[in-house]
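Q: The structure under discussion is supplied below as structure tokens; questions concerning it will follow.
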There are 2 protein chains.
Amino acid sequence: MQQSAPTIYLAGPEVFLPDAVAIGQRKKELCAAYGFQGLYPFDNEVAPNASGEPVDARIYRANLQLIQRADLGIVNLTPFRGPSADVGTVFELGFLIGLGKIVFGYTNDPRDLIERVKQFDRTSFDPERELWRDVDGMAIEDFGNADNLMIDQALNEARNPIVRTHNQSSDKYRDLSLFEVCLRMAATKLRIKQAV
Amino acid sequence: MQQSAPTIYLAGPEVFLPDAVAIGQRKKELCAAYGFQGLYPFDNEVAPNASGEPVDARIYRANLQLIQRADLGIVNLTPFRGPSADVGTVFELGFLIGLGKIVFGYTNDPRDLIERVKQFDRTSFDPERELWRDVDGMAIEDFGNADNLMIDQALNEARNPIVRTHNQSSDKYRDLSLFEVCLRMAATKLRIKQAV
């Protein structure tokens, strides 16, 4: 890997897996194979220190610094603890877009948001407004998107629509096949001679 | 209201309520009472048009323009369809932080994230790592935060920690008492002579 390889921030809920560090290592190796340097969140590498600064504050600052350093971002939008993506990942997506970084995203769930909410929740059709509502009466977006429109559109506007699996993945937080699709898209976009 | 009143972007899941427009109006009136101009997301004001541009794309662009125009943001982080905040709101929080805007946040749920995940999910203690895991084996953050550390720390770093209710609100998506606390914090921070 060249010293000057473009850097990619690797956002996703896999930081919460028991084997989070190993998954991060695999993601970084795949990045290197495509001519990139992967920057993996610090969640698992920050230990309490003598400074007295809280661990969560140090993780936050370390992750923000990585994002600022990154040339691109690849965000794993696979649903997490409910019908939508991990909020930590989504925060980072918003921050990446705010900084004007190039962003790619993927999800290992094939369904539209509305299908997941219908499975997750007791929903009902509102005939007056002609839309579906969840158990709290909240309108469910029905644009054929993978998630909330702000997420899908952030990637559409970047001309890198969310890459969505066709079949439910058997190991949805570890499957890196769509991550690799994003790497290929990124490599094409940056016209990097692919090493793979 | 002065023409030059500082503007506040009003992010939150209340855009999905049946009475979303009325709630937005109340939020804007409260903003005016504190010397601000409220900018409410466009989700409910964009109709299909002849341009052929999709509604979701137009909402996204309109919301991003409002955020760019805003001097501040107040984000409603009340949990939505699961243990965490609405991902649309969290995307906007990340975008606000990326743009360097002053941000305030509140939640009408008194609990820590970990308490909600334990209620929402089948959890277990991992004695080796000394942490709790959800049904998918994903580590549950236990920093005493209201939500994912990226959200809490974004507001801590801004020196405006999340304002959290002490008692569960009876109408958690419409209760504006903590929104008003955020307005007071914002007014103090901007040293605006309060009209209320």
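Chain identifiers are assigned as A, B, and so on, following the order in which chains appear in the structure tokens; residues are numbered from 1 within each chain, and ligands are numbered from 1 in order of appearance.
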Could you pull out all residues of stretch 33-143 of chain A with a DSSP call of strand (DSSP E) and give them as a list in words?
A: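 Listing strand (DSSP E) positions across stretch 33-143 of chain A yields Gln37, Gly38, Leu39, Leu72, Gly73, Ile74, Val75, Asn76, Ile102, Val103, Phe104, Gly105, Tyr106, Thr107, Ser124, Phe125, Asp126, Leu131, Trp132 and Arg133 of chain A.
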Q: Residues near B:Ile97, anyone? I mean within 12 Å using only C-alpha atoms, not counting same-chain ones fewer than 2 positions away, as a PyMOL selection string.
A: (chain A and resi 64+91-99) or (chain B and resi 67-68+71-75+90-95+99-104+150-151+153-158)
Q: Can you write just those residues out, N, CA and C atoms, as an mmCIF file, in the first residue's frame?
A:
data_model
loop_
_atom_site.group_PDB
_atom_site.id
_atom_site.type_symbol
_atom_site.label_atom_id
_atom_site.label_comp_id
_atom_site.auth_asym_id
_atom_site.auth_seq_id
_atom_site.Cartn_x
_atom_site.Cartn_y
_atom_site.Cartn_z
ATOM 1 N N LEU A 64 -14.104 11.470 15.243
ATOM 2 C CA LEU A 64 -14.262 12.695 14.458
ATOM 3 C C LEU A 64 -12.961 13.078 13.757
ATOM 4 N N PHE A 91 -25.106 9.238 12.405
ATOM 5 C CA PHE A 91 -24.489 10.503 12.823
ATOM 6 C C PHE A 91 -23.233 10.750 11.983
ATOM 7 N N GLU A 92 -22.426 9.703 11.839
ATOM 8 C CA GLU A 92 -21.174 9.846 11.085
ATOM 9 C C GLU A 92 -21.438 10.125 9.603
ATOM 10 N N LEU A 93 -22.495 9.517 9.052
ATOM 11 C CA LEU A 93 -22.885 9.815 7.670
ATOM 12 C C LEU A 93 -23.218 11.304 7.527
ATOM 13 N N GLY A 94 -24.015 11.830 8.462
ATOM 14 C CA GLY A 94 -24.370 13.255 8.410
ATOM 15 C C GLY A 94 -23.141 14.142 8.515
ATOM 16 N N PHE A 95 -22.222 13.744 9.394
ATOM 17 C CA PHE A 95 -20.987 14.514 9.576
ATOM 18 C C PHE A 95 -20.134 14.475 8.301
ATOM 19 N N LEU A 96 -20.013 13.289 7.696
ATOM 20 C CA LEU A 96 -19.279 13.144 6.430
ATOM 21 C C LEU A 96 -19.872 14.055 5.349
ATOM 22 N N ILE A 97 -21.209 14.052 5.245
ATOM 23 C CA ILE A 97 -21.872 14.881 4.230
ATOM 24 C C ILE A 97 -21.655 16.370 4.551
ATOM 25 N N GLY A 98 -21.742 16.718 5.832
ATOM 26 C CA GLY A 98 -21.515 18.107 6.242
ATOM 27 C C GLY A 98 -20.117 18.588 5.865
ATOM 28 N N LEU A 99 -19.153 17.670 5.915
ATOM 29 C CA LEU A 99 -17.775 18.020 5.555
ATOM 30 C C LEU A 99 -17.530 17.928 4.047
ATOM 31 N N ILE B 67 -30.958 23.797 6.931
ATOM 32 C CA ILE B 67 -29.890 23.598 7.924
ATOM 33 C C ILE B 67 -28.712 24.519 7.606
ATOM 34 N N GLN B 68 -28.394 24.643 6.337
ATOM 35 C CA GLN B 68 -27.276 25.520 5.960
ATOM 36 C C GLN B 68 -27.564 26.975 6.323
ATOM 37 N N ASP B 71 -28.624 29.285 12.039
ATOM 38 C CA ASP B 71 -27.514 29.646 12.927
ATOM 39 C C ASP B 71 -27.322 28.571 13.991
ATOM 40 N N LEU B 72 -28.412 27.929 14.384
ATOM 41 C CA LEU B 72 -28.377 26.923 15.444
ATOM 42 C C LEU B 72 -29.280 25.758 15.057
ATOM 43 N N GLY B 73 -29.184 24.679 15.842
ATOM 44 C CA GLY B 73 -30.118 23.570 15.695
ATOM 45 C C GLY B 73 -30.619 23.137 17.065
ATOM 46 N N ILE B 74 -31.881 22.742 17.141
ATOM 47 C CA ILE B 74 -32.387 22.066 18.342
ATOM 48 C C ILE B 74 -32.951 20.728 17.871
ATOM 49 N N VAL B 75 -32.375 19.634 18.383
ATOM 50 C CA VAL B 75 -32.761 18.311 17.904
ATOM 51 C C VAL B 75 -33.533 17.554 18.988
ATOM 52 N N VAL B 90 -30.970 12.239 13.589
ATOM 53 C CA VAL B 90 -29.557 12.009 13.914
ATOM 54 C C VAL B 90 -28.670 12.361 12.709
ATOM 55 N N PHE B 91 -29.147 12.045 11.503
ATOM 56 C CA PHE B 91 -28.418 12.480 10.299
ATOM 57 C C PHE B 91 -28.259 14.000 10.320
ATOM 58 N N GLU B 92 -29.359 14.693 10.632
ATOM 59 C CA GLU B 92 -29.322 16.163 10.637
ATOM 60 C C GLU B 92 -28.405 16.695 11.740
ATOM 61 N N LEU B 93 -28.381 16.001 12.886
ATOM 62 C CA LEU B 93 -27.449 16.386 13.959
ATOM 63 C C LEU B 93 -26.000 16.281 13.446
ATOM 64 N N GLY B 94 -25.676 15.173 12.801
ATOM 65 C CA GLY B 94 -24.322 15.003 12.269
ATOM 66 C C GLY B 94 -23.977 16.081 11.251
ATOM 67 N N PHE B 95 -24.955 16.398 10.399
ATOM 68 C CA PHE B 95 -24.751 17.435 9.377
ATOM 69 C C PHE B 95 -24.540 18.800 10.037
ATOM 70 N N LEU B 99 -21.133 21.100 9.872
ATOM 71 C CA LEU B 99 -21.114 22.494 9.415
ATOM 72 C C LEU B 99 -20.665 23.453 10.521
ATOM 73 N N GLY B 100 -20.434 22.911 11.729
ATOM 74 C CA GLY B 100 -19.972 23.759 12.834
ATOM 75 C C GLY B 100 -21.052 24.617 13.468
ATOM 76 N N LYS B 101 -22.314 24.213 13.323
ATOM 77 C CA LYS B 101 -23.424 24.975 13.917
ATOM 78 C C LYS B 101 -23.512 24.716 15.428
ATOM 79 N N ILE B 102 -24.093 25.663 16.151
ATOM 80 C CA ILE B 102 -24.365 25.491 17.583
ATOM 81 C C ILE B 102 -25.599 24.600 17.722
ATOM 82 N N VAL B 103 -25.499 23.547 18.535
ATOM 83 C CA VAL B 103 -26.604 22.590 18.607
ATOM 84 C C VAL B 103 -27.025 22.319 20.050
ATOM 85 N N PHE B 104 -28.320 22.203 20.248
ATOM 86 C CA PHE B 104 -28.926 21.804 21.515
ATOM 87 C C PHE B 104 -29.784 20.566 21.252
ATOM 88 N N MET B 150 -21.913 8.828 20.214
ATOM 89 C CA MET B 150 -21.658 9.880 19.230
ATOM 90 C C MET B 150 -22.685 11.009 19.377
ATOM 91 N N ILE B 151 -23.911 10.633 19.755
ATOM 92 C CA ILE B 151 -24.970 11.632 19.917
ATOM 93 C C ILE B 151 -24.756 12.436 21.198
ATOM 94 N N GLN B 153 -22.088 12.753 23.000
ATOM 95 C CA GLN B 153 -20.831 13.509 23.022
ATOM 96 C C GLN B 153 -20.853 14.707 22.075
ATOM 97 N N ALA B 154 -21.604 14.592 20.982
ATOM 98 C CA ALA B 154 -21.719 15.747 20.080
ATOM 99 C C ALA B 154 -22.254 16.943 20.867
ATOM 100 N N LEU B 155 -23.215 16.681 21.747
ATOM 101 C CA LEU B 155 -23.811 17.773 22.531
ATOM 102 C C LEU B 155 -22.938 18.143 23.722
ATOM 103 N N ASN B 156 -22.267 17.160 24.318
ATOM 104 C CA ASN B 156 -21.340 17.477 25.414
ATOM 105 C C ASN B 156 -20.194 18.360 24.926
ATOM 106 N N GLU B 157 -19.657 18.009 23.750
ATOM 107 C CA GLU B 157 -18.531 18.782 23.206
ATOM 108 C C GLU B 157 -18.946 20.227 22.910
ATOM 109 N N ALA B 158 -20.232 20.388 22.539
ATOM 110 C CA ALA B 158 -20.762 21.735 22.282
ATOM 111 C C ALA B 158 -21.075 22.457 23.596
#
Q: So which one's closest to chain A, B:Val46, B:Ala57, B:Leu178, B:Ala187? Using only C-alpha atoms, please.
A: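 Checking each of B:Val46, B:Ala57, B:Leu178, B:Ala187 against chain A, counting only C-alpha atoms, the winner is B:Ala57.
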Q: Write out as a ChimeraX atom specification the residues lying within 7 Å of B:Gly105, counting only C-alpha atoms and excluding same-chain residues fewer than 6 positions away.
A: /B:74-77,162-163,182
Q: Could you list, as a VMD selection string, every residue within 10 Å of A:Pro13, counting only C-alpha atoms and ignoring same-chain residues fewer than 4 positions away?
A: (chain A and resid 17 20 75 to 80 85 to 89 173 to 174) or (chain B and resid 138 to 139)
Q: Using only C-alpha atoms, which residue out of B:Lys27, B:Arg81, B:Arg129, B:His166 lies closest to A:Asn44?
A: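 Nearest candidate to A:Asn44 out of B:Lys27, B:Arg81, B:Arg129, B:His166: B:Arg129.
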Q: Restricting the calculation to only C-alpha atoms, which member of B:Leu10, B:Ala32, B:Ile140, B:Ile23 is positioned closest to B:Asp175?
A: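 For B:Asp175, the nearest of the given residues is B:Ile23.
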Q: Looking only at the backbone, which of the residues in stretch 38-117 of chain A does DSSP tag as alpha helix (DSSP H), as a PDB file with N, CA, C and O atoms, in the first residue's frame?
A:
ATOM      1  N   VAL A  55     -13.948   7.872  28.683  1.00  0.00           N
ATOM      2  CA  VAL A  55     -13.706   7.025  27.505  1.00  0.00           C
ATOM      3  C   VAL A  55     -14.604   7.426  26.340  1.00  0.00           C
ATOM      4  O   VAL A  55     -14.156   7.505  25.190  1.00  0.00           O
ATOM      5  N   ASP A  56     -15.902   7.710  26.629  1.00  0.00           N
ATOM      6  CA  ASP A  56     -16.804   8.034  25.519  1.00  0.00           C
ATOM      7  C   ASP A  56     -16.400   9.335  24.819  1.00  0.00           C
ATOM      8  O   ASP A  56     -16.469   9.436  23.598  1.00  0.00           O
ATOM      9  N   ALA A  57     -15.925  10.303  25.601  1.00  0.00           N
ATOM     10  CA  ALA A  57     -15.473  11.570  24.997  1.00  0.00           C
ATOM     11  C   ALA A  57     -14.249  11.333  24.119  1.00  0.00           C
ATOM     12  O   ALA A  57     -14.125  11.911  23.026  1.00  0.00           O
ATOM     13  N   ARG A  58     -13.366  10.439  24.576  1.00  0.00           N
ATOM     14  CA  ARG A  58     -12.148  10.172  23.797  1.00  0.00           C
ATOM     15  C   ARG A  58     -12.465   9.410  22.514  1.00  0.00           C
ATOM     16  O   ARG A  58     -11.872   9.682  21.457  1.00  0.00           O
ATOM     17  N   ILE A  59     -13.417   8.471  22.587  1.00  0.00           N
ATOM     18  CA  ILE A  59     -13.824   7.750  21.362  1.00  0.00           C
ATOM     19  C   ILE A  59     -14.427   8.739  20.361  1.00  0.00           C
ATOM     20  O   ILE A  59     -14.103   8.720  19.169  1.00  0.00           O
ATOM     21  N   TYR A  60     -15.302   9.603  20.860  1.00  0.00           N
ATOM     22  CA  TYR A  60     -15.958  10.585  19.984  1.00  0.00           C
ATOM     23  C   TYR A  60     -14.927  11.436  19.253  1.00  0.00           C
ATOM     24  O   TYR A  60     -14.962  11.587  18.032  1.00  0.00           O
ATOM     25  N   ARG A  61     -13.984  11.979  20.034  1.00  0.00           N
ATOM     26  CA  ARG A  61     -12.983  12.864  19.426  1.00  0.00           C
ATOM     27  C   ARG A  61     -12.095  12.109  18.441  1.00  0.00           C
ATOM     28  O   ARG A  61     -11.783  12.621  17.356  1.00  0.00           O
ATOM     29  N   ALA A  62     -11.708  10.886  18.818  1.00  0.00           N
ATOM     30  CA  ALA A  62     -10.842  10.092  17.935  1.00  0.00           C
ATOM     31  C   ALA A  62     -11.573   9.783  16.625  1.00  0.00           C
ATOM     32  O   ALA A  62     -10.996   9.898  15.536  1.00  0.00           O
ATOM     33  N   ASN A  63     -12.865   9.420  16.718  1.00  0.00           N
ATOM     34  CA  ASN A  63     -13.622   9.105  15.504  1.00  0.00           C
ATOM     35  C   ASN A  63     -13.800  10.336  14.626  1.00  0.00           C
ATOM     36  O   ASN A  63     -13.664  10.266  13.399  1.00  0.00           O
ATOM     37  N   LEU A  64     -14.104  11.470  15.243  1.00  0.00           N
ATOM     38  CA  LEU A  64     -14.262  12.695  14.458  1.00  0.00           C
ATOM     39  C   LEU A  64     -12.961  13.078  13.757  1.00  0.00           C
ATOM     40  O   LEU A  64     -12.985  13.540  12.609  1.00  0.00           O
ATOM     41  N   GLN A  65     -11.849  12.867  14.442  1.00  0.00           N
ATOM     42  CA  GLN A  65     -10.554  13.174  13.806  1.00  0.00           C
ATOM     43  C   GLN A  65     -10.298  12.252  12.611  1.00  0.00           C
ATOM     44  O   GLN A  65      -9.819  12.696  11.567  1.00  0.00           O
ATOM     45  N   LEU A  66     -10.656  10.968  12.768  1.00  0.00           N
ATOM     46  CA  LEU A  66     -10.499  10.029  11.648  1.00  0.00           C
ATOM     47  C   LEU A  66     -11.356  10.464  10.458  1.00  0.00           C
ATOM     48  O   LEU A  66     -10.917  10.411   9.309  1.00  0.00           O
ATOM     49  N   ILE A  67     -12.595  10.873  10.743  1.00  0.00           N
ATOM     50  CA  ILE A  67     -13.496  11.287   9.654  1.00  0.00           C
ATOM     51  C   ILE A  67     -12.936  12.524   8.957  1.00  0.00           C
ATOM     52  O   ILE A  67     -12.960  12.633   7.729  1.00  0.00           O
ATOM     53  N   GLN A  68     -12.416  13.456   9.751  1.00  0.00           N
ATOM     54  CA  GLN A  68     -11.849  14.666   9.152  1.00  0.00           C
ATOM     55  C   GLN A  68     -10.648  14.348   8.261  1.00  0.00           C
ATOM     56  O   GLN A  68     -10.465  14.967   7.221  1.00  0.00           O
ATOM     57  N   ARG A  69      -9.883  13.334   8.669  1.00  0.00           N
ATOM     58  CA  ARG A  69      -8.710  12.904   7.898  1.00  0.00           C
ATOM     59  C   ARG A  69      -9.100  12.164   6.627  1.00  0.00           C
ATOM     60  O   ARG A  69      -8.326  12.105   5.667  1.00  0.00           O
ATOM     61  N   VAL A  87     -27.670   4.428  14.860  1.00  0.00           N
ATOM     62  CA  VAL A  87     -27.633   5.902  14.933  1.00  0.00           C
ATOM     63  C   VAL A  87     -26.210   6.462  14.987  1.00  0.00           C
ATOM     64  O   VAL A  87     -25.970   7.582  14.537  1.00  0.00           O
ATOM     65  N   GLY A  88     -25.273   5.695  15.522  1.00  0.00           N
ATOM     66  CA  GLY A  88     -23.880   6.162  15.538  1.00  0.00           C
ATOM     67  C   GLY A  88     -23.351   6.288  14.118  1.00  0.00           C
ATOM     68  O   GLY A  88     -22.720   7.281  13.743  1.00  0.00           O
ATOM     69  N   THR A  89     -23.653   5.269  13.306  1.00  0.00           N
ATOM     70  CA  THR A  89     -23.259   5.275  11.895  1.00  0.00           C
ATOM     71  C   THR A  89     -23.944   6.420  11.149  1.00  0.00           C
ATOM     72  O   THR A  89     -23.325   7.095  10.319  1.00  0.00           O
ATOM     73  N   VAL A  90     -25.216   6.633  11.451  1.00  0.00           N
ATOM     74  CA  VAL A  90     -25.982   7.675  10.749  1.00  0.00           C
ATOM     75  C   VAL A  90     -25.474   9.071  11.139  1.00  0.00           C
ATOM     76  O   VAL A  90     -25.391   9.969  10.288  1.00  0.00           O
ATOM     77  N   PHE A  91     -25.106   9.238  12.405  1.00  0.00           N
ATOM     78  CA  PHE A  91     -24.489  10.503  12.823  1.00  0.00           C
ATOM     79  C   PHE A  91     -23.233  10.750  11.983  1.00  0.00           C
ATOM     80  O   PHE A  91     -23.004  11.848  11.473  1.00  0.00           O
ATOM     81  N   GLU A  92     -22.426   9.703  11.839  1.00  0.00           N
ATOM     82  CA  GLU A  92     -21.174   9.846  11.085  1.00  0.00           C
ATOM     83  C   GLU A  92     -21.438  10.125   9.603  1.00  0.00           C
ATOM     84  O   GLU A  92     -20.708  10.896   8.967  1.00  0.00           O
ATOM     85  N   LEU A  93     -22.495   9.517   9.052  1.00  0.00           N
ATOM     86  CA  LEU A  93     -22.885   9.815   7.670  1.00  0.00           C
ATOM     87  C   LEU A  93     -23.218  11.304   7.527  1.00  0.00           C
ATOM     88  O   LEU A  93     -22.753  11.969   6.590  1.00  0.00           O
ATOM     89  N   GLY A  94     -24.015  11.830   8.462  1.00  0.00           N
ATOM     90  CA  GLY A  94     -24.370  13.255   8.410  1.00  0.00           C
ATOM     91  C   GLY A  94     -23.141  14.142   8.515  1.00  0.00           C
ATOM     92  O   GLY A  94     -23.016  15.143   7.798  1.00  0.00           O
ATOM     93  N   PHE A  95     -22.222  13.744   9.394  1.00  0.00           N
ATOM     94  CA  PHE A  95     -20.987  14.514   9.576  1.00  0.00           C
ATOM     95  C   PHE A  95     -20.134  14.475   8.301  1.00  0.00           C
ATOM     96  O   PHE A  95     -19.614  15.509   7.855  1.00  0.00           O
ATOM     97  N   LEU A  96     -20.013  13.289   7.696  1.00  0.00           N
ATOM     98  CA  LEU A  96     -19.279  13.144   6.430  1.00  0.00           C
ATOM     99  C   LEU A  96     -19.872  14.055   5.349  1.00  0.00           C
ATOM    100  O   LEU A  96     -19.141  14.747   4.623  1.00  0.00           O
ATOM    101  N   ILE A  97     -21.209  14.052   5.245  1.00  0.00           N
ATOM    102  CA  ILE A  97     -21.872  14.881   4.230  1.00  0.00           C
ATOM    103  C   ILE A  97     -21.655  16.370   4.551  1.00  0.00           C
ATOM    104  O   ILE A  97     -21.388  17.179   3.658  1.00  0.00           O
ATOM    105  N   GLY A  98     -21.742  16.718   5.832  1.00  0.00           N
ATOM    106  CA  GLY A  98     -21.515  18.107   6.242  1.00  0.00           C
ATOM    107  C   GLY A  98     -20.117  18.588   5.865  1.00  0.00           C
ATOM    108  O   GLY A  98     -19.924  19.754   5.515  1.00  0.00           O
ATOM    109  N   LEU A 113     -37.716   0.220   4.008  1.00  0.00           N
ATOM    110  CA  LEU A 113     -38.025   0.636   5.385  1.00  0.00           C
ATOM    111  C   LEU A 113     -39.452   0.238   5.773  1.00  0.00           C
ATOM    112  O   LEU A 113     -39.680  -0.326   6.850  1.00  0.00           O
ATOM    113  N   ILE A 114     -40.423   0.533   4.904  1.00  0.00           N
ATOM    114  CA  ILE A 114     -41.830   0.317   5.271  1.00  0.00           C
ATOM    115  C   ILE A 114     -42.121  -1.167   5.534  1.00  0.00           C
ATOM    116  O   ILE A 114     -42.899  -1.496   6.425  1.00  0.00           O
ATOM    117  N   GLU A 115     -41.454  -2.053   4.795  1.00  0.00           N
ATOM    118  CA  GLU A 115     -41.665  -3.492   5.031  1.00  0.00           C
ATOM    119  C   GLU A 115     -41.167  -3.879   6.418  1.00  0.00           C
ATOM    120  O   GLU A 115     -41.805  -4.661   7.124  1.00  0.00           O
ATOM    121  N   ARG A 116     -40.019  -3.339   6.802  1.00  0.00           N
ATOM    122  CA  ARG A 116     -39.476  -3.676   8.129  1.00  0.00           C
ATOM    123  C   ARG A 116     -40.348  -3.108   9.238  1.00  0.00           C
ATOM    124  O   ARG A 116     -40.583  -3.777  10.233  1.00  0.00           O
ATOM    125  N   VAL A 117     -40.828  -1.873   9.060  1.00  0.00           N
ATOM    126  CA  VAL A 117     -41.679  -1.288  10.114  1.00  0.00           C
ATOM    127  C   VAL A 117     -42.948  -2.124  10.263  1.00  0.00           C
ATOM    128  O   VAL A 117     -43.407  -2.368  11.380  1.00  0.00           O
TER     129      VAL A 117
END
Q: For a quick check of understanding, using only C-alpha atoms, which of B:Pro54, B:Gly82, B:Phe143, B:Ala186 has the smallest distance to B:Leu131?
A: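 Of B:Pro54, B:Gly82, B:Phe143, B:Ala186, the one nearest B:Leu131 is B:Phe143, counting only C-alpha atoms.
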Q: So how many Å separate atom CA of B:Phe120 and atom CA of A:Lys172, to one decimal?
A: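 Rounded to one decimal, the two atoms are 20.1 Å apart.
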Q: Which value, in Å to one decimal, gives the distance between atom CA of B:Ala70 and atom CA of A:Tyr9?
A: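 Going from atom CA of B:Ala70 over to atom CA of A:Tyr9 covers 27.4 Å.
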Q: Using only C-alpha atoms for the distances, tell me which of A:Gly38, A:Pro6, A:Pro18, A:Gly144 is nearest to chain B.
A: A:Pro18
